[in-house]
$ cat entry00.cif   # mmCIF, C-alpha atoms (C1' of nucleotides)
data_run
loop_
_atom_site.label_atom_id
_atom_site.label_comp_id
_atom_site.auth_asym_id
_atom_site.auth_seq_id
_atom_site.Cartn_x
_atom_site.Cartn_y
_atom_site.Cartn_z
CA MET A 157 -28.69 27.84 33.73
CA ALA A 158 -31.84 29.74 32.86
CA LEU A 159 -31.50 29.09 29.19
CA ASN A 160 -31.31 25.39 29.65
CA ALA A 161 -34.19 25.33 32.09
CA SER A 162 -36.49 26.94 29.57
CA ARG A 163 -35.79 24.23 27.05
CA LYS A 164 -35.69 21.17 29.16
CA PRO A 165 -39.33 20.48 30.03
CA VAL A 166 -40.02 19.44 26.45
CA LEU A 167 -39.46 15.76 27.06
CA ASP A 168 -39.61 15.49 30.79
CA GLY A 169 -38.21 12.46 32.52
CA GLU A 170 -35.69 11.62 29.88
CA GLU A 171 -34.38 15.09 29.10
CA CYS A 172 -32.74 13.86 25.96
CA ASP A 173 -33.37 10.39 24.70
CA MET A 174 -30.65 10.83 22.15
CA SER A 175 -28.73 8.44 24.33
CA GLY A 176 -30.52 5.68 22.47
CA TRP A 177 -29.28 7.01 19.16
CA ASP A 178 -25.82 5.54 19.02
CA MET A 179 -24.57 7.80 16.29
CA ASN A 180 -21.98 5.38 15.02
CA ASN A 181 -23.63 2.21 13.82
CA CYS A 182 -26.90 4.07 13.32
CA PRO A 183 -29.30 2.39 10.90
CA VAL A 184 -30.72 5.66 9.73
CA ARG A 185 -27.31 7.04 8.86
CA ASP A 186 -26.19 3.83 7.26
CA VAL A 187 -29.17 3.76 4.93
CA LEU A 188 -29.56 7.46 4.34
CA ASP A 189 -25.96 8.25 3.56
CA ARG A 190 -26.46 6.32 0.34
CA ILE A 191 -29.78 7.63 -0.87
CA ALA A 192 -28.89 11.15 0.20
CA GLY A 193 -26.46 11.65 -2.65
CA LYS A 194 -26.99 14.29 -5.26
CA TRP A 195 -28.02 11.83 -7.95
CA SER A 196 -29.62 8.93 -6.08
CA THR A 197 -33.12 10.31 -5.66
CA LEU A 198 -33.10 11.51 -9.24
CA LEU A 199 -32.29 8.06 -10.57
CA LEU A 200 -34.75 6.39 -8.22
CA GLU A 201 -37.42 8.77 -9.44
CA ALA A 202 -36.70 7.82 -13.03
CA LEU A 203 -36.54 4.08 -12.41
CA ALA A 204 -39.71 4.23 -10.32
CA ARG A 205 -41.56 5.00 -13.53
CA GLN A 206 -40.04 2.34 -15.73
CA PRO A 207 -36.80 0.50 -16.44
CA TYR A 208 -34.13 2.38 -18.33
CA ARG A 209 -30.84 1.62 -19.97
CA PHE A 210 -27.54 3.25 -19.11
CA GLY A 211 -27.54 5.59 -22.06
CA GLU A 212 -31.18 6.49 -21.58
CA LEU A 213 -30.50 7.53 -18.01
CA ARG A 214 -27.54 9.56 -19.14
CA ARG A 215 -29.67 11.43 -21.63
CA LEU A 216 -32.42 11.82 -19.05
CA VAL A 217 -30.10 13.47 -16.56
CA PRO A 218 -27.90 15.45 -18.90
CA ASP A 219 -25.58 16.94 -16.31
CA ILE A 220 -24.52 13.71 -14.66
CA SER A 221 -21.09 12.47 -15.62
CA GLN A 222 -20.76 8.90 -16.85
CA ARG A 223 -18.50 8.27 -13.90
CA MET A 224 -21.09 9.33 -11.33
CA LEU A 225 -23.88 7.58 -13.21
CA THR A 226 -21.98 4.29 -13.08
CA GLN A 227 -21.07 4.77 -9.46
CA THR A 228 -24.51 5.81 -8.26
CA LEU A 229 -26.17 2.93 -10.09
CA ARG A 230 -23.71 0.51 -8.51
CA ASP A 231 -24.42 1.90 -5.05
CA LEU A 232 -28.16 1.67 -5.54
CA GLN A 233 -27.76 -1.85 -6.84
CA ARG A 234 -25.58 -2.86 -3.94
CA ASP A 235 -28.12 -1.65 -1.42
CA GLY A 236 -30.80 -3.62 -3.25
CA TYR A 237 -32.91 -0.81 -4.66
CA ILE A 238 -32.32 -1.55 -8.32
CA GLU A 239 -31.34 -4.52 -10.48
CA ARG A 240 -29.02 -4.64 -13.46
CA GLU A 241 -29.59 -6.97 -16.37
CA VAL A 242 -27.25 -7.38 -19.30
CA PHE A 243 -28.68 -8.30 -22.69
CA PRO A 244 -26.27 -10.02 -25.06
CA THR A 245 -27.00 -7.76 -27.99
CA LYS A 246 -24.15 -6.86 -30.35
CA PRO A 247 -23.12 -3.81 -28.41
CA PRO A 248 -24.27 -5.25 -25.10
CA SER A 249 -27.16 -3.34 -23.61
CA VAL A 250 -27.85 -3.07 -19.92
CA GLU A 251 -31.18 -2.43 -18.32
CA TYR A 252 -31.72 -1.09 -14.84
CA ARG A 253 -35.00 -1.59 -13.03
CA MET A 254 -36.34 -1.03 -9.56
CA THR A 255 -36.69 -3.89 -7.10
CA ASP A 256 -39.48 -4.41 -4.59
CA LEU A 257 -37.24 -3.00 -1.88
CA GLY A 258 -36.64 0.05 -4.05
CA ARG A 259 -40.33 0.54 -4.61
CA SER A 260 -40.96 0.19 -0.91
CA LEU A 261 -38.40 2.90 -0.22
CA PHE A 262 -39.75 5.09 -2.95
CA GLU A 263 -43.17 5.26 -1.39
CA PRO A 264 -42.20 7.46 1.57
CA LEU A 265 -39.45 9.08 -0.47
CA SER A 266 -41.89 10.26 -3.11
CA LYS A 267 -43.77 12.16 -0.42
CA VAL A 268 -40.66 14.19 0.32
CA LEU A 269 -40.31 14.81 -3.40
CA ARG A 270 -43.85 16.05 -3.60
CA TRP A 271 -43.26 18.24 -0.55
CA ALA A 272 -40.29 19.76 -2.33
CA GLU A 273 -42.36 20.56 -5.38
CA ALA A 274 -45.17 22.05 -3.34
CA ASN A 275 -42.94 24.12 -1.08
CA HIS A 276 -40.34 25.28 -3.53
CA PRO A 277 -41.72 28.84 -3.47
CA SER A 278 -41.48 29.02 0.33
CA VAL A 279 -37.90 27.84 0.24
CA LYS A 280 -36.96 30.32 -2.44
CA ALA A 281 -38.61 33.08 -0.45
CA ALA A 282 -36.69 32.08 2.67
CA ARG A 283 -33.45 32.28 0.71
CA VAL A 284 -34.19 35.75 -0.56
CA LYS A 285 -35.05 36.91 2.95
CA TYR A 286 -31.87 35.40 4.36
CA ASP A 287 -29.65 36.86 1.69
CA GLU A 288 -31.17 40.31 2.15
CA SER A 289 -30.61 40.25 5.90
CA GLU A 290 -27.05 39.09 5.35
CA LEU A 291 -25.81 42.03 3.35
CA ALA A 292 -26.89 44.36 6.15
CA MET B 1331 -35.84 -2.46 -31.21
CA ALA B 1332 -37.25 -5.43 -29.41
CA LEU B 1333 -35.80 -4.41 -26.10
CA ASN B 1334 -37.37 -1.04 -26.23
CA ALA B 1335 -40.71 -2.38 -27.38
CA SER B 1336 -40.96 -4.62 -24.38
CA ARG B 1337 -40.51 -1.71 -22.02
CA LYS B 1338 -42.60 0.92 -23.70
CA PRO B 1339 -46.20 -0.04 -22.98
CA VAL B 1340 -45.77 0.91 -19.32
CA LEU B 1341 -47.15 4.39 -19.69
CA ASP B 1342 -48.87 4.29 -23.03
CA GLY B 1343 -49.66 7.48 -24.84
CA GLU B 1344 -46.88 9.51 -23.32
CA GLU B 1345 -44.08 6.93 -23.39
CA CYS B 1346 -41.94 9.09 -21.14
CA ASP B 1347 -43.33 12.18 -19.56
CA MET B 1348 -39.88 13.09 -18.37
CA SER B 1349 -40.14 15.85 -20.95
CA GLY B 1350 -42.00 17.79 -18.31
CA TRP B 1351 -39.16 17.43 -15.86
CA ASP B 1352 -36.84 20.18 -16.99
CA MET B 1353 -33.81 18.86 -15.17
CA ASN B 1354 -32.19 22.24 -14.84
CA ASN B 1355 -34.37 24.57 -12.80
CA CYS B 1356 -36.12 21.59 -11.25
CA PRO B 1357 -37.82 22.37 -7.93
CA VAL B 1358 -37.20 18.90 -6.58
CA ARG B 1359 -33.49 19.13 -7.24
CA ASP B 1360 -33.24 22.66 -5.94
CA VAL B 1361 -34.81 21.70 -2.63
CA LEU B 1362 -33.39 18.23 -2.26
CA ASP B 1363 -29.79 19.05 -3.05
CA ARG B 1364 -29.73 20.88 0.28
CA ILE B 1365 -31.46 18.45 2.57
CA ALA B 1366 -29.70 15.53 0.93
CA GLY B 1367 -26.39 16.34 2.57
CA LYS B 1368 -24.71 13.93 4.92
CA TRP B 1369 -25.51 15.99 8.01
CA SER B 1370 -28.75 17.79 7.17
CA THR B 1371 -31.23 15.07 8.04
CA LEU B 1372 -29.33 14.27 11.19
CA LEU B 1373 -29.55 17.86 12.42
CA LEU B 1374 -33.17 18.16 11.37
CA GLU B 1375 -33.94 15.01 13.33
CA ALA B 1376 -32.30 16.46 16.43
CA LEU B 1377 -33.95 19.86 16.13
CA ALA B 1378 -37.32 18.27 15.43
CA ARG B 1379 -37.26 17.07 19.02
CA GLN B 1380 -36.23 20.26 20.71
CA PRO B 1381 -34.05 23.34 20.26
CA TYR B 1382 -30.33 22.90 20.76
CA ARG B 1383 -27.30 25.09 21.06
CA PHE B 1384 -24.25 24.89 18.85
CA GLY B 1385 -22.12 23.00 21.33
CA GLU B 1386 -24.93 20.65 22.22
CA LEU B 1387 -25.36 19.71 18.59
CA ARG B 1388 -21.65 19.19 18.29
CA ARG B 1389 -21.64 16.81 21.23
CA LEU B 1390 -24.76 15.11 19.90
CA VAL B 1391 -23.15 14.37 16.54
CA PRO B 1392 -19.61 13.67 17.63
CA ASP B 1393 -18.12 13.06 14.22
CA ILE B 1394 -19.23 16.29 12.60
CA SER B 1395 -16.53 18.91 12.26
CA GLN B 1396 -17.23 22.38 13.56
CA ARG B 1397 -16.78 23.62 10.06
CA MET B 1398 -19.49 21.40 8.62
CA LEU B 1399 -21.78 22.00 11.58
CA THR B 1400 -21.61 25.74 11.03
CA GLN B 1401 -22.10 25.38 7.31
CA THR B 1402 -24.96 22.93 7.46
CA LEU B 1403 -26.79 24.98 10.06
CA ARG B 1404 -26.38 28.07 7.87
CA ASP B 1405 -27.73 26.21 4.84
CA LEU B 1406 -30.73 24.93 6.77
CA GLN B 1407 -31.33 28.39 8.11
CA ARG B 1408 -31.08 29.96 4.68
CA ASP B 1409 -33.66 27.59 3.28
CA GLY B 1410 -35.96 28.45 6.16
CA TYR B 1411 -36.01 25.15 8.03
CA ILE B 1412 -34.40 26.38 11.23
CA GLU B 1413 -33.95 29.66 13.10
CA ARG B 1414 -30.94 30.98 14.94
CA GLU B 1415 -31.22 33.10 18.06
CA VAL B 1416 -28.32 34.68 19.90
CA PHE B 1417 -28.57 35.20 23.65
CA PRO B 1418 -26.37 37.96 25.11
CA THR B 1419 -24.91 35.83 27.86
CA LYS B 1420 -21.30 36.34 28.88
CA PRO B 1421 -19.93 33.89 26.39
CA PRO B 1422 -22.74 34.45 23.88
CA SER B 1423 -24.89 31.40 23.44
CA VAL B 1424 -26.79 30.58 20.26
CA GLU B 1425 -29.89 28.49 20.05
CA TYR B 1426 -31.15 26.77 16.93
CA ARG B 1427 -34.77 25.72 16.59
CA MET B 1428 -37.00 24.36 13.88
CA THR B 1429 -39.43 26.60 12.02
CA ASP B 1430 -42.92 25.71 10.85
CA LEU B 1431 -41.56 25.11 7.37
CA GLY B 1432 -38.98 22.78 8.84
CA ARG B 1433 -41.60 20.87 10.76
CA SER B 1434 -43.71 20.62 7.64
CA LEU B 1435 -40.75 19.14 5.77
CA PHE B 1436 -39.88 16.83 8.60
CA GLU B 1437 -43.27 15.16 8.50
CA PRO B 1438 -42.72 13.29 5.21
CA LEU B 1439 -39.00 13.12 5.86
CA SER B 1440 -39.48 11.28 9.13
CA LYS B 1441 -41.33 8.55 7.24
CA VAL B 1442 -38.23 7.92 5.17
CA LEU B 1443 -36.22 7.82 8.38
CA ARG B 1444 -38.55 5.26 9.84
CA TRP B 1445 -38.37 3.25 6.63
CA ALA B 1446 -34.60 3.25 6.96
CA GLU B 1447 -34.79 1.94 10.49
CA ALA B 1448 -37.28 -0.74 9.60
CA ASN B 1449 -35.48 -1.91 6.48
CA HIS B 1450 -31.91 -1.67 7.60
CA PRO B 1451 -31.62 -5.48 7.77
CA SER B 1452 -32.82 -5.88 4.19
CA VAL B 1453 -30.33 -3.34 2.97
CA LYS B 1454 -27.48 -4.97 4.84
CA ALA B 1455 -28.49 -8.34 3.44
CA ALA B 1456 -28.53 -6.90 -0.07
CA ARG B 1457 -25.01 -5.59 0.43
CA VAL B 1458 -23.70 -8.92 1.57
CA LYS B 1459 -25.30 -10.64 -1.39
CA TYR B 1460 -23.86 -8.10 -3.81
CA ASP B 1461 -20.38 -8.27 -2.34
CA GLU B 1462 -20.39 -12.05 -2.49
CA SER B 1463 -21.42 -12.12 -6.14
CA GLU B 1464 -18.76 -9.54 -6.91
CA LEU B 1465 -15.75 -11.53 -5.82
CA ALA B 1466 -16.78 -14.31 -8.17
"C1'" DA C 1233 -13.04 2.50 -44.84
"C1'" DT C 1234 -15.26 5.34 -41.67
"C1'" DC C 1235 -18.82 6.53 -38.54
"C1'" DG C 1236 -21.94 5.70 -34.89
"C1'" DT C 1237 -23.55 2.89 -31.09
"C1'" DT C 1238 -23.10 0.23 -26.75
"C1'" DA C 1239 -21.58 0.55 -21.43
"C1'" DG C 1240 -18.48 1.63 -19.29
"C1'" DT C 1241 -13.16 2.74 -17.42
"C1'" DC C 1242 -9.14 5.88 -16.80
"C1'" DT C 1243 -6.79 10.07 -15.89
"C1'" DC C 1244 -6.38 14.62 -14.44
"C1'" DA C 1245 -8.24 18.94 -12.55
"C1'" DA C 1246 -11.54 21.24 -9.52
"C1'" DA C 1247 -14.53 21.32 -5.67
"C1'" DA C 1248 -15.94 19.77 -1.20
"C1'" DA C 1249 -15.15 17.89 3.25
"C1'" DG C 1250 -12.37 16.69 7.42
"C1'" DA C 1251 -8.75 17.79 11.14
"C1'" DG C 1252 -7.29 20.75 14.06
"C1'" DA C 1253 -5.18 25.23 15.54
"C1'" DC C 1254 -6.71 29.76 16.76
"C1'" DT C 1255 -9.73 33.87 18.47
"C1'" DA C 1256 -11.98 36.98 22.26
"C1'" DG C 1257 -14.26 37.93 26.40
"C1'" DC C 1258 -15.71 36.52 30.74
"C1'" DA C 1259 -15.91 33.28 35.07
"C1'" DC C 1260 -13.80 30.44 38.25
"C1'" DT C 1261 -9.87 28.79 40.80
"C1'" DA C 1262 -5.42 28.61 43.08
"C1'" DT D 242 -2.91 37.37 39.21
"C1'" DA D 243 -1.88 33.82 36.33
"C1'" DG D 244 -3.95 29.71 34.64
"C1'" DT D 245 -7.96 27.09 32.90
"C1'" DG D 246 -12.23 26.57 30.75
"C1'" DC D 247 -16.40 27.97 28.49
"C1'" DT D 248 -18.81 30.06 24.35
"C1'" DA D 249 -19.48 30.01 18.90
"C1'" DG D 250 -17.38 30.12 15.62
"C1'" DT D 251 -13.24 31.14 11.66
"C1'" DC D 252 -8.86 29.96 9.18
"C1'" DT D 253 -5.68 26.96 7.07
"C1'" DC D 254 -4.03 22.65 5.42
"C1'" DT D 255 -4.76 17.94 3.83
"C1'" DT D 256 -7.54 14.33 2.12
"C1'" DT D 257 -11.57 12.78 -0.27
"C1'" DT D 258 -15.07 13.35 -3.65
"C1'" DT D 259 -16.69 14.94 -7.86
"C1'" DG D 260 -16.61 16.61 -12.64
"C1'" DA D 261 -14.80 16.79 -17.60
"C1'" DG D 262 -13.45 14.43 -21.04
"C1'" DA D 263 -10.50 11.07 -23.67
"C1'" DC D 264 -10.35 6.17 -24.57
"C1'" DT D 265 -11.90 1.04 -25.39
"C1'" DA D 266 -13.81 -2.92 -28.41
"C1'" DA D 267 -16.90 -5.17 -31.28
"C1'" DC D 268 -20.52 -4.78 -34.42
"C1'" DG D 269 -24.00 -2.45 -38.04
"C1'" DA D 270 -24.82 0.77 -41.37
"C1'" DT D 271 -23.21 4.04 -45.09
#
$ encode --input "entry00.cif" --output "structure tokens"
Amino acid sequence: MALNASRKPVLDGEECDMSGWDMNNCPVRDVLDRIAGKWSTLLLEALARQPYRFGELRRLVPDISQRMLTQTLRDLQRDGYIEREVFPTKPPSVEYRMTDLGRSLFEPLSKVLRWAEANHPSVKAARVKYDESELA
Amino acid sequence: MALNASRKPVLDGEECDMSGWDMNNCPVRDVLDRIAGKWSTLLLEALARQPYRFGELRRLVPDISQRMLTQTLRDLQRDGYIEREVFPTKPPSVEYRMTDLGRSLFEPLSKVLRWAEANHPSVKAARVKYDESELA
DNA sequence: ATCGTTAGTCTCAAAAAGAGACTAGCACTA
DNA sequence: TAGTGCTAGTCTCTTTTTGAGACTAACGAT
């Protein structure tokens, strides 16, 4: 097929080394499916600066529900990115802080965040262009 | 509050420059909410290597539904990361390929992917540890 | 006595995702 | 010439995920 032929030479000799991917049981998917959530990066960004308590995080991210805040924090804790410490104050207070593993993840992750900030205009422009061409 | 006092000195003078974040209308959220999907990074990773056609992508990521494949590709296209080209073959074939903007995004993104690969064992270990301490 | 504060949990409704049938036009085969 | 398969999707139905908001329990302050 002509179409195929024009694309194939890209990685000659292996044609498509996706074979080594093993989509199920893929480390990248296993790790990323967790930090790819809507709230995960946001909370990691906050906790990368300093520790916060549950209520502080809730006020910091006003449109997160308590349910999702609890759940996302648990997930991040389970994967080892953050720690949870309970202080036996009268109404018990709980502090969340980033672990070394979390900080190590946040280093490359923060670069994506900075890319997003820097390229937000380009993305918005692309959306406008797409939407215009759609209503044709 | 003693608890607070012990955490505050981290970033003295501003205490919490989250005030500049403006959670709603936040560029980082606006951009990341799209590429944070379950399938987005996976498709970007594939298309970063070479262009693919719809059916090829479907075979490459066996557990994606056609519905989500279509939708995710459209989202990525709308944000300007990939392009879609239709070839007027007898059953029309459609090729998807990465744009310059997409490649520019993929550069920092790929570092997160590599982090995930490298640190998969640590994450799995953290999960085991967490699950063990939970059933106590 | 009542109110506010803590960190959640619980329930119900709404939104998103997954599974799989279905389309149309052409090529190949029997 | 009927049957089968290929293409890139769309449509519908079910299941899962998420969001909104009420509720808890013990203590301090008013």
$ interface_residues --input "entry00.cif" --of "chain D" --to "chain B" --cutoff "8 Å" --atoms "all atoms listed in the file" --output "list in words"
DC247, DT248, DA249 and DG250 of chain D
$ resolve_selection --input "entry00.cif" --expression "the PyMOL selection byres ((chain A and resi 271) around 12)" --output "ChimeraX atom specification"
/A:264-270,272-279 /B:1357-1359,1361-1362,1431-1439
$ write_last_selection --input "entry00.cif" --atoms "C-alpha atoms" --output "short mmCIF file (atom, residue, chain, number, x, y, z; two decimals), in the coordinates of the input"
data_model
loop_
_atom_site.label_atom_id
_atom_site.label_comp_id
_atom_site.auth_asym_id
_atom_site.auth_seq_id
_atom_site.Cartn_x
_atom_site.Cartn_y
_atom_site.Cartn_z
CA PRO A 264 -42.20 7.46 1.57
CA LEU A 265 -39.45 9.08 -0.47
CA SER A 266 -41.89 10.26 -3.11
CA LYS A 267 -43.77 12.16 -0.42
CA VAL A 268 -40.66 14.19 0.32
CA LEU A 269 -40.31 14.81 -3.40
CA ARG A 270 -43.85 16.05 -3.60
CA ALA A 272 -40.29 19.76 -2.33
CA GLU A 273 -42.36 20.56 -5.38
CA ALA A 274 -45.17 22.05 -3.34
CA ASN A 275 -42.94 24.12 -1.08
CA HIS A 276 -40.34 25.28 -3.53
CA PRO A 277 -41.72 28.84 -3.47
CA SER A 278 -41.48 29.02 0.33
CA VAL A 279 -37.90 27.84 0.24
CA PRO B 1357 -37.82 22.37 -7.93
CA VAL B 1358 -37.20 18.90 -6.58
CA ARG B 1359 -33.49 19.13 -7.24
CA VAL B 1361 -34.81 21.70 -2.63
CA LEU B 1362 -33.39 18.23 -2.26
CA LEU B 1431 -41.56 25.11 7.37
CA GLY B 1432 -38.98 22.78 8.84
CA ARG B 1433 -41.60 20.87 10.76
CA SER B 1434 -43.71 20.62 7.64
CA LEU B 1435 -40.75 19.14 5.77
CA PHE B 1436 -39.88 16.83 8.60
CA GLU B 1437 -43.27 15.16 8.50
CA PRO B 1438 -42.72 13.29 5.21
CA LEU B 1439 -39.00 13.12 5.86
#
$ resolve_selection --input "entry00.cif" --expression "the PyMOL selection byres ((chain C) within 9 of (chain B))" --output "number ranges by chain"
C: 1249-1251, 1257-1259
$ resolve_selection --input "entry00.cif" --expression "the PyMOL selection byres ((chain D and resi 265) around 10)" --output "PDB file with C-alpha atoms (C1' of nucleotides), in the frame of the given file"
ATOM      1  C1'  DG C1240     -18.480   1.630 -19.290  1.00  0.00           C
ATOM      2  C1'  DT C1241     -13.160   2.740 -17.420  1.00  0.00           C
TER       3       DT C1241
ATOM      4  C1'  DC D 264     -10.350   6.170 -24.570  1.00  0.00           C
ATOM      5  C1'  DA D 266     -13.810  -2.920 -28.410  1.00  0.00           C
ATOM      6  C1'  DA D 267     -16.900  -5.170 -31.280  1.00  0.00           C
TER       7       DA D 267
END
$ atom_distance --input "entry00.cif" --atom1 "CA of Pro218 in chain A" --atom2 "C1' of DT257 in chain D"
24.9 Å
$ closest_residue --input "entry00.cif" --among "A:Arg283, A:Arg190, A:Arg205, A:Arg253" --to "chain B" --atoms "all atoms listed in the file"
A:Arg283
$ atom_distance --input "entry00.cif" --atom1 "CA of Thr1371 in chain B" --atom2 "CA of Ile1412 in chain B"
12.2 Å
$ atom_distance --input "entry00.cif" --atom1 "C1' of DC268 in chain D" --atom2 "C1' of DC1242 in chain C"
23.5 Å
$ closest_residue --input "entry00.cif" --among "B:Ala1366, B:Val1458, B:Leu1465, B:Leu1390" --to "chain A" --atoms "all atoms listed in the file"
B:Ala1366
$ closest_residue --input "entry00.cif" --among "B:Asp1430, B:Asp1363, B:Glu1425, B:Glu1386" --to "chain A" --atoms "only C-alpha atoms"
B:Asp1363
$ decode --input "entry00.cif" --residues "range 1450-1458 of chain B" --atoms "all heavy atoms" --output "PDB file, in the first residue's frame"
ATOM      1  N   HIS B1450       8.832   2.847  38.564  1.00  0.00           N
ATOM      2  CA  HIS B1450       7.719   1.938  38.735  1.00  0.00           C
ATOM      3  C   HIS B1450       7.908   1.017  39.949  1.00  0.00           C
ATOM      4  O   HIS B1450       6.971   0.833  40.740  1.00  0.00           O
ATOM      5  CB  HIS B1450       7.501   1.110  37.463  1.00  0.00           C
ATOM      6  CG  HIS B1450       6.256   0.309  37.455  1.00  0.00           C
ATOM      7  ND1 HIS B1450       6.153  -0.903  36.814  1.00  0.00           N
ATOM      8  CD2 HIS B1450       5.048   0.540  38.015  1.00  0.00           C
ATOM      9  CE1 HIS B1450       4.942  -1.372  36.977  1.00  0.00           C
ATOM     10  NE2 HIS B1450       4.239  -0.530  37.695  1.00  0.00           N
ATOM     11  N   PRO B1451       9.091   0.456  40.134  1.00  0.00           N
ATOM     12  CA  PRO B1451       9.296  -0.413  41.300  1.00  0.00           C
ATOM     13  C   PRO B1451       9.034   0.298  42.622  1.00  0.00           C
ATOM     14  O   PRO B1451       8.390  -0.258  43.511  1.00  0.00           O
ATOM     15  CB  PRO B1451      10.764  -0.825  41.175  1.00  0.00           C
ATOM     16  CG  PRO B1451      11.076  -0.690  39.723  1.00  0.00           C
ATOM     17  CD  PRO B1451      10.284   0.478  39.253  1.00  0.00           C
ATOM     18  N   SER B1452       9.513   1.522  42.746  1.00  0.00           N
ATOM     19  CA  SER B1452       9.296   2.267  43.988  1.00  0.00           C
ATOM     20  C   SER B1452       7.815   2.473  44.240  1.00  0.00           C
ATOM     21  O   SER B1452       7.340   2.370  45.377  1.00  0.00           O
ATOM     22  CB  SER B1452       9.987   3.632  43.914  1.00  0.00           C
ATOM     23  OG  SER B1452      11.349   3.475  43.614  1.00  0.00           O
ATOM     24  N   VAL B1453       7.091   2.783  43.195  1.00  0.00           N
ATOM     25  CA  VAL B1453       5.663   3.031  43.351  1.00  0.00           C
ATOM     26  C   VAL B1453       4.949   1.743  43.764  1.00  0.00           C
ATOM     27  O   VAL B1453       4.116   1.740  44.674  1.00  0.00           O
ATOM     28  CB  VAL B1453       5.065   3.589  42.046  1.00  0.00           C
ATOM     29  CG1 VAL B1453       3.547   3.654  42.127  1.00  0.00           C
ATOM     30  CG2 VAL B1453       5.633   4.966  41.742  1.00  0.00           C
ATOM     31  N   LYS B1454       5.312   0.658  43.111  1.00  0.00           N
ATOM     32  CA  LYS B1454       4.688  -0.617  43.468  1.00  0.00           C
ATOM     33  C   LYS B1454       4.997  -0.983  44.920  1.00  0.00           C
ATOM     34  O   LYS B1454       4.120  -1.451  45.652  1.00  0.00           O
ATOM     35  CB  LYS B1454       5.169  -1.725  42.516  1.00  0.00           C
ATOM     36  CG  LYS B1454       4.359  -1.817  41.241  1.00  0.00           C
ATOM     37  CD  LYS B1454       4.569  -3.146  40.519  1.00  0.00           C
ATOM     38  CE  LYS B1454       6.028  -3.378  40.184  1.00  0.00           C
ATOM     39  NZ  LYS B1454       6.210  -4.470  39.201  1.00  0.00           N
ATOM     40  N   ALA B1455       6.238  -0.739  45.318  1.00  0.00           N
ATOM     41  CA  ALA B1455       6.618  -1.018  46.703  1.00  0.00           C
ATOM     42  C   ALA B1455       5.795  -0.180  47.670  1.00  0.00           C
ATOM     43  O   ALA B1455       5.334  -0.673  48.703  1.00  0.00           O
ATOM     44  CB  ALA B1455       8.106  -0.754  46.897  1.00  0.00           C
ATOM     45  N   ALA B1456       5.614   1.097  47.321  1.00  0.00           N
ATOM     46  CA  ALA B1456       4.833   1.978  48.184  1.00  0.00           C
ATOM     47  C   ALA B1456       3.410   1.461  48.322  1.00  0.00           C
ATOM     48  O   ALA B1456       2.832   1.497  49.412  1.00  0.00           O
ATOM     49  CB  ALA B1456       4.836   3.396  47.628  1.00  0.00           C
ATOM     50  N   ARG B1457       2.860   0.942  47.246  1.00  0.00           N
ATOM     51  CA  ARG B1457       1.495   0.423  47.293  1.00  0.00           C
ATOM     52  C   ARG B1457       1.392  -0.780  48.221  1.00  0.00           C
ATOM     53  O   ARG B1457       0.463  -0.876  49.021  1.00  0.00           O
ATOM     54  CB  ARG B1457       1.042   0.012  45.887  1.00  0.00           C
ATOM     55  CG  ARG B1457       0.673   1.189  45.022  1.00  0.00           C
ATOM     56  CD  ARG B1457       0.249   0.722  43.641  1.00  0.00           C
ATOM     57  NE  ARG B1457       0.249   1.856  42.717  1.00  0.00           N
ATOM     58  CZ  ARG B1457       0.304   1.753  41.398  1.00  0.00           C
ATOM     59  NH1 ARG B1457       0.378   0.557  40.841  1.00  0.00           N
ATOM     60  NH2 ARG B1457       0.293   2.825  40.639  1.00  0.00           N
ATOM     61  N   VAL B1458       2.340  -1.667  48.092  1.00  0.00           N
ATOM     62  CA  VAL B1458       2.336  -2.848  48.951  1.00  0.00           C
ATOM     63  C   VAL B1458       2.394  -2.424  50.412  1.00  0.00           C
ATOM     64  O   VAL B1458       1.621  -2.890  51.257  1.00  0.00           O
ATOM     65  CB  VAL B1458       3.531  -3.767  48.616  1.00  0.00           C
ATOM     66  CG1 VAL B1458       3.668  -4.853  49.661  1.00  0.00           C
ATOM     67  CG2 VAL B1458       3.353  -4.373  47.229  1.00  0.00           C
TER      68      VAL B1458
END
